[in-house]
Structures are given as C-alpha cells and as structure tokens.
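Structure file protein08.cif with mmCIF, C-alpha atoms:
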data_final
#
loop_
_atom_site.label_atom_id
_atom_site.label_comp_id
_atom_site.auth_asym_id
_atom_site.auth_seq_id
_atom_site.Cartn_x
_atom_site.Cartn_y
_atom_site.Cartn_z
CA MET A 1 -137.24 233.88 -57.10
CA ALA A 2 -135.51 231.58 -59.57
CA ALA A 3 -136.79 228.04 -59.74
CA GLU A 4 -134.48 225.53 -58.11
CA THR A 5 -132.93 222.92 -60.37
CA ALA A 6 -133.70 219.38 -59.26
CA PRO A 7 -130.55 217.46 -58.30
CA ALA A 8 -129.41 214.85 -60.81
CA PRO A 9 -130.47 211.34 -59.81
CA PRO A 10 -127.69 209.07 -58.57
CA ARG A 11 -126.06 206.70 -61.02
CA ALA A 12 -125.95 203.00 -60.31
CA LEU A 13 -122.17 202.55 -60.57
CA ALA A 14 -121.11 205.82 -58.95
CA GLY A 15 -117.96 205.27 -56.89
CA LEU A 16 -116.52 202.52 -59.08
CA ARG A 17 -113.12 203.31 -60.58
CA VAL A 18 -112.31 201.76 -63.94
CA LEU A 19 -108.94 201.74 -65.68
CA GLU A 20 -109.14 201.12 -69.43
CA LEU A 21 -106.09 199.74 -71.21
CA GLY A 22 -107.87 198.69 -74.38
CA GLN A 23 -108.24 200.18 -77.82
CA LEU A 24 -110.57 200.19 -80.81
CA ILE A 25 -113.90 198.56 -80.03
CA ALA A 26 -114.49 195.73 -77.55
CA GLY A 27 -112.63 196.95 -74.45
CA PRO A 28 -113.55 200.62 -74.89
CA PHE A 29 -117.20 199.76 -75.55
CA CYS A 30 -117.25 197.80 -72.29
CA THR A 31 -115.93 200.78 -70.33
CA ARG A 32 -118.28 203.15 -72.15
CA ILE A 33 -121.26 201.24 -70.72
CA LEU A 34 -119.75 201.20 -67.22
CA GLY A 35 -119.06 204.92 -67.47
CA GLU A 36 -122.58 205.78 -68.60
CA PHE A 37 -123.88 204.28 -65.38
CA GLY A 38 -121.53 206.28 -63.18
CA ALA A 39 -118.16 204.53 -63.06
CA ALA A 40 -115.17 206.89 -63.33
CA VAL A 41 -113.23 205.67 -66.38
CA THR A 42 -109.59 206.55 -66.94
CA LYS A 43 -108.39 205.57 -70.41
CA ILE A 44 -104.69 204.96 -71.13
CA GLU A 45 -103.59 205.77 -74.70
CA PRO A 46 -100.20 205.83 -76.43
CA PRO A 47 -98.74 209.35 -76.71
CA GLY A 48 -98.79 211.01 -80.10
CA GLN A 49 -101.33 208.74 -81.77
CA GLY A 50 -103.84 207.62 -79.18
CA ASP A 51 -106.44 204.95 -79.70
CA PRO A 52 -106.58 204.07 -83.45
CA LEU A 53 -110.36 204.58 -83.29
CA ARG A 54 -109.66 208.32 -83.24
CA LYS A 55 -108.96 208.04 -86.99
CA TRP A 56 -111.59 205.51 -88.05
CA ARG A 57 -114.35 206.24 -90.55
CA TYR A 58 -115.61 209.83 -90.84
CA LEU A 59 -113.45 212.53 -89.28
CA GLU A 60 -114.27 216.08 -88.22
CA ASP A 61 -111.41 218.38 -87.23
CA GLY A 62 -109.17 215.33 -87.46
CA THR A 63 -111.15 213.22 -84.98
CA SER A 64 -113.49 210.33 -85.70
CA LEU A 65 -117.16 210.97 -85.04
CA TRP A 66 -117.27 207.41 -83.70
CA TRP A 67 -114.79 208.49 -81.02
CA HIS A 68 -117.35 210.85 -79.51
CA VAL A 69 -119.73 207.93 -78.96
CA GLN A 70 -117.22 205.32 -77.84
CA SER A 71 -115.23 207.44 -75.39
CA ARG A 72 -117.74 209.93 -74.04
CA GLY A 73 -117.25 210.74 -70.39
CA LYS A 74 -113.80 209.16 -70.07
CA ARG A 75 -110.54 210.74 -68.91
CA SER A 76 -107.63 210.35 -71.34
CA VAL A 77 -104.10 209.81 -70.04
CA ALA A 78 -101.30 209.42 -72.60
CA LEU A 79 -98.69 206.86 -71.50
CA ASP A 80 -96.29 204.63 -73.44
CA LEU A 81 -96.94 201.26 -71.84
CA LYS A 82 -93.76 199.84 -73.31
CA GLN A 83 -91.72 202.02 -70.96
CA PRO A 84 -91.06 200.92 -67.36
CA GLU A 85 -91.98 204.29 -65.84
CA ALA A 86 -95.37 204.21 -67.55
CA GLN A 87 -95.91 200.67 -66.31
CA THR A 88 -95.17 201.85 -62.78
CA ILE A 89 -97.81 204.58 -63.14
CA VAL A 90 -100.36 202.04 -64.38
CA ARG A 91 -99.62 199.76 -61.43
CA ARG A 92 -100.27 202.69 -59.10
CA LEU A 93 -103.55 203.47 -60.86
CA ALA A 94 -104.59 199.80 -60.76
CA ALA A 95 -103.88 199.70 -57.03
CA GLU A 96 -106.72 202.20 -56.56
CA ALA A 97 -109.07 200.80 -59.22
CA ASP A 98 -112.03 198.48 -58.91
CA ILE A 99 -111.93 197.22 -62.49
CA VAL A 100 -109.22 197.07 -65.15
CA VAL A 101 -110.39 196.41 -68.72
CA GLU A 102 -107.88 195.33 -71.37
CA ASN A 103 -108.20 193.81 -74.83
CA PHE A 104 -104.64 193.11 -75.90
CA ARG A 105 -103.43 189.75 -77.16
CA PRO A 106 -102.94 187.31 -74.24
CA GLY A 107 -99.49 187.64 -72.73
CA THR A 108 -99.06 191.32 -73.61
CA MET A 109 -100.04 192.58 -70.17
CA GLU A 110 -97.72 190.05 -68.53
CA ASP A 111 -94.84 191.19 -70.79
CA TRP A 112 -95.40 194.72 -69.47
CA GLY A 113 -95.46 193.60 -65.86
CA LEU A 114 -99.19 194.33 -65.72
CA GLY A 115 -100.67 190.83 -65.48
CA TYR A 116 -103.43 190.06 -63.01
CA ASP A 117 -101.14 188.32 -60.53
CA THR A 118 -98.97 191.43 -60.34
CA LEU A 119 -101.79 193.97 -60.14
CA SER A 120 -103.91 192.00 -57.68
CA ALA A 121 -100.98 191.49 -55.32
CA ALA A 122 -101.31 195.17 -54.40
CA ASN A 123 -105.10 195.20 -54.78
CA PRO A 124 -106.72 191.84 -53.91
CA GLY A 125 -110.18 193.19 -54.70
CA LEU A 126 -109.23 194.09 -58.29
CA ILE A 127 -111.38 192.75 -61.12
CA MET A 128 -109.71 192.45 -64.53
CA VAL A 129 -111.86 192.12 -67.64
CA ARG A 130 -109.76 190.54 -70.39
CA ILE A 131 -111.24 190.53 -73.89
CA SER A 132 -109.32 188.72 -76.62
CA GLY A 133 -109.91 186.79 -79.80
CA TYR A 134 -109.71 183.29 -78.37
CA GLY A 135 -109.49 183.75 -74.59
CA GLN A 136 -106.63 183.49 -72.13
CA THR A 137 -106.23 179.69 -72.44
CA GLY A 138 -106.35 177.05 -75.14
CA PRO A 139 -104.27 176.29 -78.25
CA TYR A 140 -105.40 179.44 -80.11
CA ARG A 141 -104.85 181.89 -77.24
CA GLU A 142 -101.94 183.69 -78.91
CA ARG A 143 -103.60 184.13 -82.29
CA PRO A 144 -104.62 187.67 -83.20
CA GLY A 145 -108.37 188.12 -83.36
CA PHE A 146 -110.68 190.97 -84.24
CA GLY A 147 -114.45 190.96 -83.94
CA VAL A 148 -114.90 189.79 -87.53
CA ILE A 149 -112.73 186.74 -86.80
CA GLY A 150 -114.83 186.04 -83.73
CA GLU A 151 -117.93 186.20 -85.91
CA ALA A 152 -116.39 183.67 -88.31
CA VAL A 153 -115.13 181.23 -85.67
CA GLY A 154 -118.27 181.63 -83.55
CA GLY A 155 -120.54 180.54 -86.42
CA LEU A 156 -122.31 183.82 -87.18
CA ARG A 157 -120.71 184.56 -90.56
CA TYR A 158 -121.59 181.09 -91.87
CA VAL A 159 -125.32 181.68 -91.46
CA THR A 160 -125.43 185.37 -92.49
CA GLY A 161 -126.49 186.25 -96.03
CA THR A 162 -128.26 184.49 -98.87
CA PRO A 163 -127.56 180.94 -100.10
CA ASP A 164 -126.33 182.07 -103.54
CA ARG A 165 -123.77 184.59 -102.26
CA PRO A 166 -120.64 184.46 -100.08
CA PRO A 167 -121.16 184.80 -96.32
CA SER A 168 -122.04 188.39 -95.49
CA ARG A 169 -121.16 190.58 -92.56
CA VAL A 170 -123.58 192.27 -90.23
CA GLY A 171 -123.36 196.02 -90.88
CA VAL A 172 -121.76 196.79 -87.51
CA SER A 173 -118.95 195.28 -85.41
CA ILE A 174 -121.31 192.87 -83.70
CA GLY A 175 -118.60 190.45 -82.49
CA ASP A 176 -116.83 193.24 -80.61
CA THR A 177 -120.09 194.59 -79.23
CA LEU A 178 -121.27 191.23 -77.92
CA SER A 179 -117.90 190.67 -76.28
CA ALA A 180 -118.05 194.10 -74.65
CA LEU A 181 -121.51 193.43 -73.24
CA TYR A 182 -120.37 190.09 -71.82
CA GLY A 183 -117.46 191.99 -70.32
CA VAL A 184 -119.90 194.32 -68.57
CA ILE A 185 -121.98 191.38 -67.33
CA GLY A 186 -118.86 189.64 -66.04
CA ALA A 187 -117.57 192.78 -64.32
CA LEU A 188 -120.85 193.39 -62.52
CA ALA A 189 -121.11 189.72 -61.49
CA ALA A 190 -117.56 189.90 -60.14
CA ILE A 191 -118.38 193.10 -58.22
CA GLU A 192 -121.29 191.30 -56.59
CA ALA A 193 -119.11 188.28 -55.76
CA ARG A 194 -116.53 190.61 -54.20
CA ARG A 195 -119.13 191.80 -51.72
CA ALA A 196 -119.14 188.30 -50.24
CA THR A 197 -115.48 187.32 -50.62
CA GLY A 198 -113.61 190.62 -50.57
CA ARG A 199 -111.56 189.40 -53.50
CA GLY A 200 -111.53 190.20 -57.18
CA GLN A 201 -111.07 187.88 -60.12
CA VAL A 202 -110.41 187.69 -63.86
CA VAL A 203 -113.29 187.97 -66.33
CA ASP A 204 -112.08 186.10 -69.44
CA VAL A 205 -114.12 187.02 -72.54
CA ALA A 206 -113.26 185.46 -75.91
CA LEU A 207 -114.68 187.15 -78.99
CA TYR A 208 -115.62 183.85 -80.64
CA GLU A 209 -117.33 182.58 -77.47
CA ALA A 210 -119.40 185.74 -77.12
CA VAL A 211 -120.69 185.13 -80.66
CA PHE A 212 -121.11 181.38 -80.20
CA SER A 213 -123.18 181.89 -77.06
CA VAL A 214 -125.94 183.68 -79.00
CA MET A 215 -126.22 181.10 -81.78
CA GLU A 216 -129.47 179.77 -80.33
CA SER A 217 -130.15 176.06 -81.02
CA MET A 218 -127.49 175.59 -83.69
CA LEU A 219 -125.39 173.15 -81.63
CA PRO A 220 -128.15 170.86 -80.31
CA GLU A 221 -129.72 170.74 -83.79
CA PHE A 222 -126.42 169.46 -85.16
CA ASP A 223 -125.89 167.08 -82.26
CA ALA A 224 -129.37 165.56 -82.38
CA PHE A 225 -130.07 165.56 -86.12
CA GLY A 226 -126.81 166.34 -87.91
CA VAL A 227 -128.35 169.59 -89.19
CA VAL A 228 -125.91 172.29 -90.29
CA ARG A 229 -127.74 175.60 -90.30
CA GLU A 230 -127.11 177.42 -93.59
CA ARG A 231 -127.61 180.92 -94.99
CA THR A 232 -131.26 181.55 -95.74
CA GLY A 233 -131.53 185.29 -96.36
CA SER A 234 -134.37 187.11 -94.68
CA PHE A 235 -136.30 184.12 -93.30
CA LEU A 236 -135.40 181.63 -90.60
CA PRO A 237 -136.19 177.99 -91.46
CA GLY A 238 -138.46 176.29 -88.99
CA ILE A 239 -140.11 179.49 -87.76
CA ALA A 240 -142.98 180.76 -89.90
CA PRO A 241 -144.02 183.20 -91.04
CA THR A 242 -141.29 185.73 -90.32
CA SER A 243 -139.51 187.42 -93.19
CA ALA A 244 -139.16 190.54 -95.31
CA TYR A 245 -141.90 190.84 -97.94
CA ARG A 246 -141.80 192.97 -101.07
CA CYS A 247 -144.39 195.71 -101.45
CA GLY A 248 -145.78 197.24 -104.60
CA ASP A 249 -143.13 199.98 -104.74
CA GLY A 250 -140.26 197.50 -104.52
CA SER A 251 -139.45 198.19 -100.86
CA TYR A 252 -139.87 195.66 -98.08
CA VAL A 253 -141.74 195.31 -94.83
CA LEU A 254 -140.79 192.87 -92.11
CA ILE A 255 -143.63 190.76 -90.75
CA ALA A 256 -143.23 188.54 -87.68
CA ALA A 257 -146.38 186.42 -87.35
CA ASN A 258 -144.87 183.16 -86.17
CA ALA A 259 -147.02 182.85 -83.02
CA ASP A 260 -150.19 180.86 -83.68
CA SER A 261 -152.69 183.55 -82.62
CA ILE A 262 -150.77 186.26 -84.49
CA PHE A 263 -150.77 184.15 -87.64
CA ARG A 264 -154.54 183.94 -87.49
CA ARG A 265 -154.73 187.73 -87.15
CA LEU A 266 -152.43 188.10 -90.16
CA CYS A 267 -154.74 185.88 -92.20
CA THR A 268 -157.69 188.08 -91.23
CA ALA A 269 -155.81 191.24 -92.21
CA MET A 270 -154.98 189.65 -95.58
CA GLY A 271 -158.58 188.58 -96.13
CA ARG A 272 -157.46 184.95 -96.23
CA SER A 273 -159.91 183.09 -94.03
CA ASP A 274 -158.94 179.93 -95.90
CA LEU A 275 -155.44 180.08 -94.43
CA ALA A 276 -156.77 180.76 -90.94
CA ALA A 277 -159.09 177.74 -91.22
CA ASP A 278 -156.42 175.38 -92.56
CA ALA A 279 -155.67 172.97 -89.70
CA THR A 280 -152.25 172.14 -91.15
CA LEU A 281 -151.23 175.77 -90.62
CA ALA A 282 -152.58 176.12 -87.09
CA ARG A 283 -149.21 175.38 -85.43
CA ASN A 284 -145.68 176.47 -86.25
CA ASP A 285 -144.44 173.02 -87.25
CA GLY A 286 -147.14 172.77 -89.90
CA ARG A 287 -146.40 176.25 -91.23
CA ALA A 288 -142.65 175.52 -91.24
CA ALA A 289 -143.25 172.48 -93.44
CA ARG A 290 -144.78 174.77 -96.09
CA GLN A 291 -142.69 177.85 -95.38
CA ALA A 292 -141.71 178.79 -98.94
CA TRP A 293 -145.29 178.42 -100.18
CA LEU A 294 -146.66 180.40 -97.23
CA ASP A 295 -144.18 183.24 -97.75
CA ALA A 296 -145.21 183.42 -101.40
CA GLU A 297 -148.87 183.72 -100.39
CA ILE A 298 -148.07 186.58 -98.02
CA GLU A 299 -145.94 188.38 -100.59
CA ALA A 300 -148.72 188.03 -103.15
CA TRP A 301 -150.74 190.21 -100.77
CA THR A 302 -148.03 192.74 -99.86
CA SER A 303 -146.85 193.14 -103.48
CA THR A 304 -150.14 194.75 -104.51
CA ARG A 305 -150.01 197.35 -101.76
CA THR A 306 -147.82 200.22 -100.59
CA PRO A 307 -145.82 199.81 -97.38
CA ALA A 308 -148.16 202.29 -95.67
CA GLU A 309 -151.20 200.22 -96.63
CA VAL A 310 -149.61 196.99 -95.46
CA LEU A 311 -148.50 198.47 -92.14
CA ALA A 312 -151.85 200.14 -91.49
CA ALA A 313 -153.68 196.84 -92.02
CA LEU A 314 -151.27 194.94 -89.79
CA GLU A 315 -151.30 197.55 -87.03
CA ALA A 316 -155.09 197.37 -86.98
CA ALA A 317 -154.83 193.59 -86.68
CA ASP A 318 -152.15 193.78 -83.94
CA VAL A 319 -149.56 191.96 -86.05
CA PRO A 320 -145.86 192.87 -85.45
CA ALA A 321 -144.53 194.54 -88.60
CA SER A 322 -142.30 197.39 -89.64
CA ARG A 323 -140.48 199.09 -92.43
CA ILE A 324 -136.76 198.33 -92.38
CA TYR A 325 -135.25 201.49 -90.95
CA SER A 326 -132.22 203.31 -92.29
CA ILE A 327 -130.44 205.77 -90.01
CA ALA A 328 -132.41 208.57 -91.72
CA ASP A 329 -135.63 206.81 -90.69
CA ILE A 330 -134.36 206.43 -87.13
CA VAL A 331 -133.52 210.13 -86.78
CA ALA A 332 -136.98 211.11 -88.02
CA ASP A 333 -138.90 208.63 -85.87
CA PRO A 334 -140.97 210.15 -83.02
CA HIS A 335 -140.63 207.09 -80.80
CA TYR A 336 -136.84 207.39 -80.75
CA ALA A 337 -137.26 211.05 -79.82
CA ALA A 338 -139.81 210.35 -77.09
CA ARG A 339 -137.46 207.88 -75.39
CA GLU A 340 -134.45 210.22 -75.72
CA MET A 341 -132.48 207.78 -77.86
CA ILE A 342 -131.33 210.63 -80.11
CA ARG A 343 -129.20 212.95 -77.97
CA SER A 344 -127.08 215.99 -78.81
CA ILE A 345 -123.63 216.86 -77.55
CA THR A 346 -121.48 219.92 -78.18
CA LEU A 347 -118.04 219.35 -79.70
CA PRO A 348 -115.03 221.48 -78.68
CA GLY A 349 -115.50 223.75 -81.71
CA GLY A 350 -119.09 224.49 -80.72
CA ARG A 351 -120.82 222.26 -83.25
CA THR A 352 -123.61 220.00 -82.00
CA LEU A 353 -123.57 216.32 -82.86
CA ARG A 354 -126.35 213.79 -82.49
CA VAL A 355 -125.36 210.57 -80.73
CA PRO A 356 -127.21 207.51 -79.35
CA GLY A 357 -128.76 207.68 -75.89
CA VAL A 358 -128.10 205.31 -72.99
CA VAL A 359 -129.35 201.69 -72.87
CA PRO A 360 -130.88 200.22 -70.73
CA ARG A 361 -133.20 202.69 -69.00
CA LEU A 362 -133.10 202.53 -65.19
CA SER A 363 -136.00 204.20 -63.42
CA ALA A 364 -134.21 205.27 -60.22
CA THR A 365 -130.52 205.44 -61.20
CA PRO A 366 -130.48 206.22 -64.93
CA GLY A 367 -127.35 206.33 -67.03
CA GLU A 368 -126.08 209.66 -68.36
CA PHE A 369 -123.19 211.26 -70.20
CA THR A 370 -122.02 214.75 -71.07
CA GLY A 371 -119.94 215.82 -74.03
CA GLY A 372 -117.97 213.65 -76.40
CA GLY A 373 -114.65 211.86 -76.24
CA PRO A 374 -111.64 213.56 -74.62
CA ALA A 375 -108.67 215.02 -76.45
CA LEU A 376 -105.60 212.79 -76.40
CA GLY A 377 -103.88 213.18 -73.03
CA GLU A 378 -106.42 215.78 -71.92
CA HIS A 379 -106.30 214.51 -68.34
CA THR A 380 -102.68 213.38 -68.08
CA ASP A 381 -101.64 216.24 -65.81
CA ALA A 382 -104.67 215.88 -63.56
CA VAL A 383 -104.33 212.13 -63.11
CA LEU A 384 -100.58 212.22 -62.55
CA GLY A 385 -101.10 215.10 -60.12
CA GLU A 386 -103.50 212.92 -58.15
CA LEU A 387 -100.69 210.36 -57.87
CA GLY A 388 -98.38 213.02 -56.43
CA TYR A 389 -96.37 214.04 -59.48
CA ASP A 390 -95.54 217.76 -59.60
CA GLN A 391 -95.36 219.78 -62.81
CA ALA A 392 -91.61 219.37 -63.13
CA ALA A 393 -91.90 215.58 -62.87
CA ILE A 394 -94.74 215.52 -65.42
CA ALA A 395 -92.71 217.68 -67.80
CA SER A 396 -89.80 215.27 -67.44
CA LEU A 397 -92.04 212.33 -68.29
CA ARG A 398 -93.19 214.14 -71.42
CA GLU A 399 -89.66 215.02 -72.50
CA ARG A 400 -88.66 211.36 -72.29
CA GLY A 401 -91.75 210.15 -74.20
CA VAL A 402 -93.18 208.31 -71.19
CA ALA A 403 -96.29 210.51 -71.07
CA GLY A 404 -98.06 212.77 -73.50
#
Mind turning this structure into structure tokens?
Amino acid sequence: MAAETAPAPPRALAGLRVLELGQLIAGPFCTRILGEFGAAVTKIEPPGQGDPLRKWRYLEDGTSLWWHVQSRGKRSVALDLKQPEAQTIVRRLAAEADIVVENFRPGTMEDWGLGYDTLSAANPGLIMVRISGYGQTGPYRERPGFGVIGEAVGGLRYVTGTPDRPPSRVGVSIGDTLSALYGVIGALAAIEARRATGRGQVVDVALYEAVFSVMESMLPEFDAFGVVRERTGSFLPGIAPTSAYRCGDGSYVLIAANADSIFRRLCTAMGRSDLAADATLARNDGRAARQAWLDAEIEAWTSTRTPAEVLAALEAADVPASRIYSIADIVADPHYAAREMIRSITLPGGRTLRVPGVVPRLSATPGEFTGGGPALGEHTDAVLGELGYDQAAIASLRERGVAG
C-alpha cells in the first residue's frame, strides 16, 4: 500500500485576495510576501510589455531571472489601465479584493478612476497599500521617486561608504525593500483593525520615510548634540569593537565584540589579558573613546593569521564573527541548506533555478511557493472568465488592446 502524503499545512493568509497594480520593486515585493503566506495575488500588467522588471538584469529565454523571485505564485492579467474598459475591470476586481497594492506616482490612480474613495465605495472593507517616493501628501508628493532617491532623502546614502569617497549605494534596492516590508506590516495591521471596525483604510508608505525610520539614533544625536553622522566605512563610531579586520591573506573577517562580556572573551582569544584588565576598556563608552587605537590592536592580531585561524579562535571563545559572504559562499553554506533558504524551482523550459526561500519561518502556518513568475497575461482569460466574460468578449478586448 502506497504511503499517504501528509496534507500541506495551512498558510496564514489563505483566503485573502490581493490585487497588485504596481511594477518594478516596492509594490510587487510587498505582494510577493503576502502571496508566500497564502494570499491569492492577481497582478495587473500592461499588454505587450508587462512589468519592466521582466527585462531587468540577467535574462533567460527573454525573461529576467529576478522576475521568477519577485512574482512567484502570482496570477498575471494583462490590461491597459489607461483605457476605460480596463479600469472598469479593475474596479470589479477591487470590489472582491481585500487588499489593493499600488506604487504609482500619487494622483495616477485617481486619474484612472481607481482612487481609494472610488474603490472603497463599492467595497468599504478594502485596504489600499500605496507606496510612493514621498507619500500621498506634502509638498513633494508629486515628485517621481525610486528607491535610490528614498535612500538619499531618508539619510542612508549620506552615511554609506568611506569618508574619502563619494556616498556609496548598498548593493541591493534596500529603499524599495524596506518600503515593501512596511507595506506588508501596514496591510496586516489594517486587516486586524478591520476585524473590529468592518472598514478598510489606506496604508500610505513613502520610500524616504521607510528609510528614515531605520536610521537609529541619528535624529536625536543631531537634536541633542548637533552631531551629523558621517560615512565611516566598516566601523560604527561610538560602538566598539565592531568592524571588518584584515587577515594575513588580505581578506577580511567581521568581528562584533561590542558587548562588555564579549569584549573580554575576545581579549582572551587574542591572548591580550592586558586589554581585558584595562578598566578604561571595560565599558563601551571607554572603548569608543579609543576606537581607532583598539581596532588597530585587533587587526594586528588578525593580520598574522588566516581567516580560518581567526574564526576558529573566536568560535571557541564564543565571540560573534564571520567571513563576509559572497553569493557563492551562501550557496555552499550548510546552514542555508539546513534551513531551506536555497530552494529550486522549475522554469517553463524544464531548467531548474535556485531561488531564496521564505522569510520568516512560521511553525504552524509556514509560507510556501511553487514555480516562478507567470508569463505575461497567462491568467487573463481565467480571471476575466471569473468575472463573467465569455471567450468572444475576451477576444474583443484583446482586439481593441484593452487586454492582452
């Protein structure tokens, strides 16, 4: 007798219906997270071209590999939102949705007759997540804004890099990603509020505010002491020791020993009982006052050893430390594999592709996904059919460029 397959565990957001009207990164990343935890995501794309992300960075068979991460599990419907008939279809879809996510410039949705007041009139429980450069209000609301602009206005670019070089960028679209995550938080908070009130609301996420909100104590430091945080490279002034230290082969290890007890363990691992016994170094404020000198003492130790020797000594001493991983290191790492953070999907042509797993891990209702991103308009017929359009009507919409 064949063994029975255990049923898949339920997903936390199963039953939620999400309509995505965004493109590129922030809005689609928000819906990707919602979809991984069970929400049914229907993505609207312009016919013929689709979301521009389909052609970003490395392509295989004409489609971006990034697309298969960003849009996995979604349904693609091709509609020209500039046309009244397409707008009517979107209003019908929004009338049955729990959440609409859009990341157009403020005013665009209203110009299309798809603003929140219009959509919520037919669906009072609707939640609309609106992600834009500067938010839906204020003097800058109509300015265009990508994630990189949010990083600049939010203060992140100013403090990223080394003092002797121009401000650097983080190697990923961190402004868009932060905004997307705040969009998810806002959507889930609004869902919970709807349980009590029965009504939806607008979640207004500005790219620059999402960045600004994670800038730690930068504002109160300026307000209290007039301090303008500057670029400092791999160390963070006032918190010591925590930096990247050069090893004997020219590579670096990151050591984070800024807690008092951990610093003492680092001193023991280095064979520097004199540092451990120095009362002026016993607390962070004392170490911060001599940060450059202290970092030089640590690097004098690491620079005579290989990374493996440094990490072995620090692991034995229970000091947080690591090599600085490239993606090649990540793929080869057994911990990533053990926690299923490296997953494989099968592309339409049969080729397998490794993609990131789902974060965070839920013990009872874990997130999941199957396959990659949909073909452009792959689900147009099915979705329009659910709204009552027959094949002749769908064909007519295609002939007139309303649908694709």
Applying 12 Å and only C-alpha atoms, which residues near A:Leu397 remain after dropping the ones on its own chain fewer than 4 positions away? List them as a ChimeraX atom specification. /A:47,78-80,83-86,89,380-381,384,389-393,401-404
Counting all atoms listed in the file, find residues at most 6 Å from (-129.7, 205.8, -61.9) (file frame) and give them as a ChimeraX atom specification. /A:9-12,362,364-367
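Distance annotation: of A:Pro307, A:Pro320, A:Gly22, A:Gly233, the residue with the minimal separation from A:Arg265 is A:Pro320; atom set is all atoms listed in the file.
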Within 10 Å of (-157.6, 191.6, -95.7) in the file's own coordinates, which protein, DNA or RNA residues have an atom, counting all atoms listed in the file? List them as JSON, numbers by chain. {"A": [265, 266, 267, 268, 269, 270, 271, 272, 273, 301, 310, 313, 314, 317]}
A:Ala296, A:Leu81, A:Trp112, A:Val202 ranked by distance to A:Pro124, top pick (using only C-alpha atoms): A:Val202
Selection near stretch 195-200 of chain A, 12 Å with all atoms listed in the file, sequence-local residues under 2 positions removed, as an MDAnalysis selection string: chainID A and resid 97:100 116:117 119:129 186:193 202:203
For those residues, write C-alpha atoms to a file as an mmCIF file, in the coordinates of the input.
data_model
loop_
_atom_site.group_PDB
_atom_site.id
_atom_site.type_symbol
_atom_site.label_atom_id
_atom_site.label_comp_id
_atom_site.auth_asym_id
_atom_site.auth_seq_id
_atom_site.Cartn_x
_atom_site.Cartn_y
_atom_site.Cartn_z
ATOM 1 C CA ALA A 97 -109.070 200.800 -59.220
ATOM 2 C CA ASP A 98 -112.030 198.480 -58.910
ATOM 3 C CA ILE A 99 -111.930 197.220 -62.490
ATOM 4 C CA VAL A 100 -109.220 197.070 -65.150
ATOM 5 C CA TYR A 116 -103.430 190.060 -63.010
ATOM 6 C CA ASP A 117 -101.140 188.320 -60.530
ATOM 7 C CA LEU A 119 -101.790 193.970 -60.140
ATOM 8 C CA SER A 120 -103.910 192.000 -57.680
ATOM 9 C CA ALA A 121 -100.980 191.490 -55.320
ATOM 10 C CA ALA A 122 -101.310 195.170 -54.400
ATOM 11 C CA ASN A 123 -105.100 195.200 -54.780
ATOM 12 C CA PRO A 124 -106.720 191.840 -53.910
ATOM 13 C CA GLY A 125 -110.180 193.190 -54.700
ATOM 14 C CA LEU A 126 -109.230 194.090 -58.290
ATOM 15 C CA ILE A 127 -111.380 192.750 -61.120
ATOM 16 C CA MET A 128 -109.710 192.450 -64.530
ATOM 17 C CA VAL A 129 -111.860 192.120 -67.640
ATOM 18 C CA GLY A 186 -118.860 189.640 -66.040
ATOM 19 C CA ALA A 187 -117.570 192.780 -64.320
ATOM 20 C CA LEU A 188 -120.850 193.390 -62.520
ATOM 21 C CA ALA A 189 -121.110 189.720 -61.490
ATOM 22 C CA ALA A 190 -117.560 189.900 -60.140
ATOM 23 C CA ILE A 191 -118.380 193.100 -58.220
ATOM 24 C CA GLU A 192 -121.290 191.300 -56.590
ATOM 25 C CA ALA A 193 -119.110 188.280 -55.760
ATOM 26 C CA VAL A 202 -110.410 187.690 -63.860
ATOM 27 C CA VAL A 203 -113.290 187.970 -66.330
#
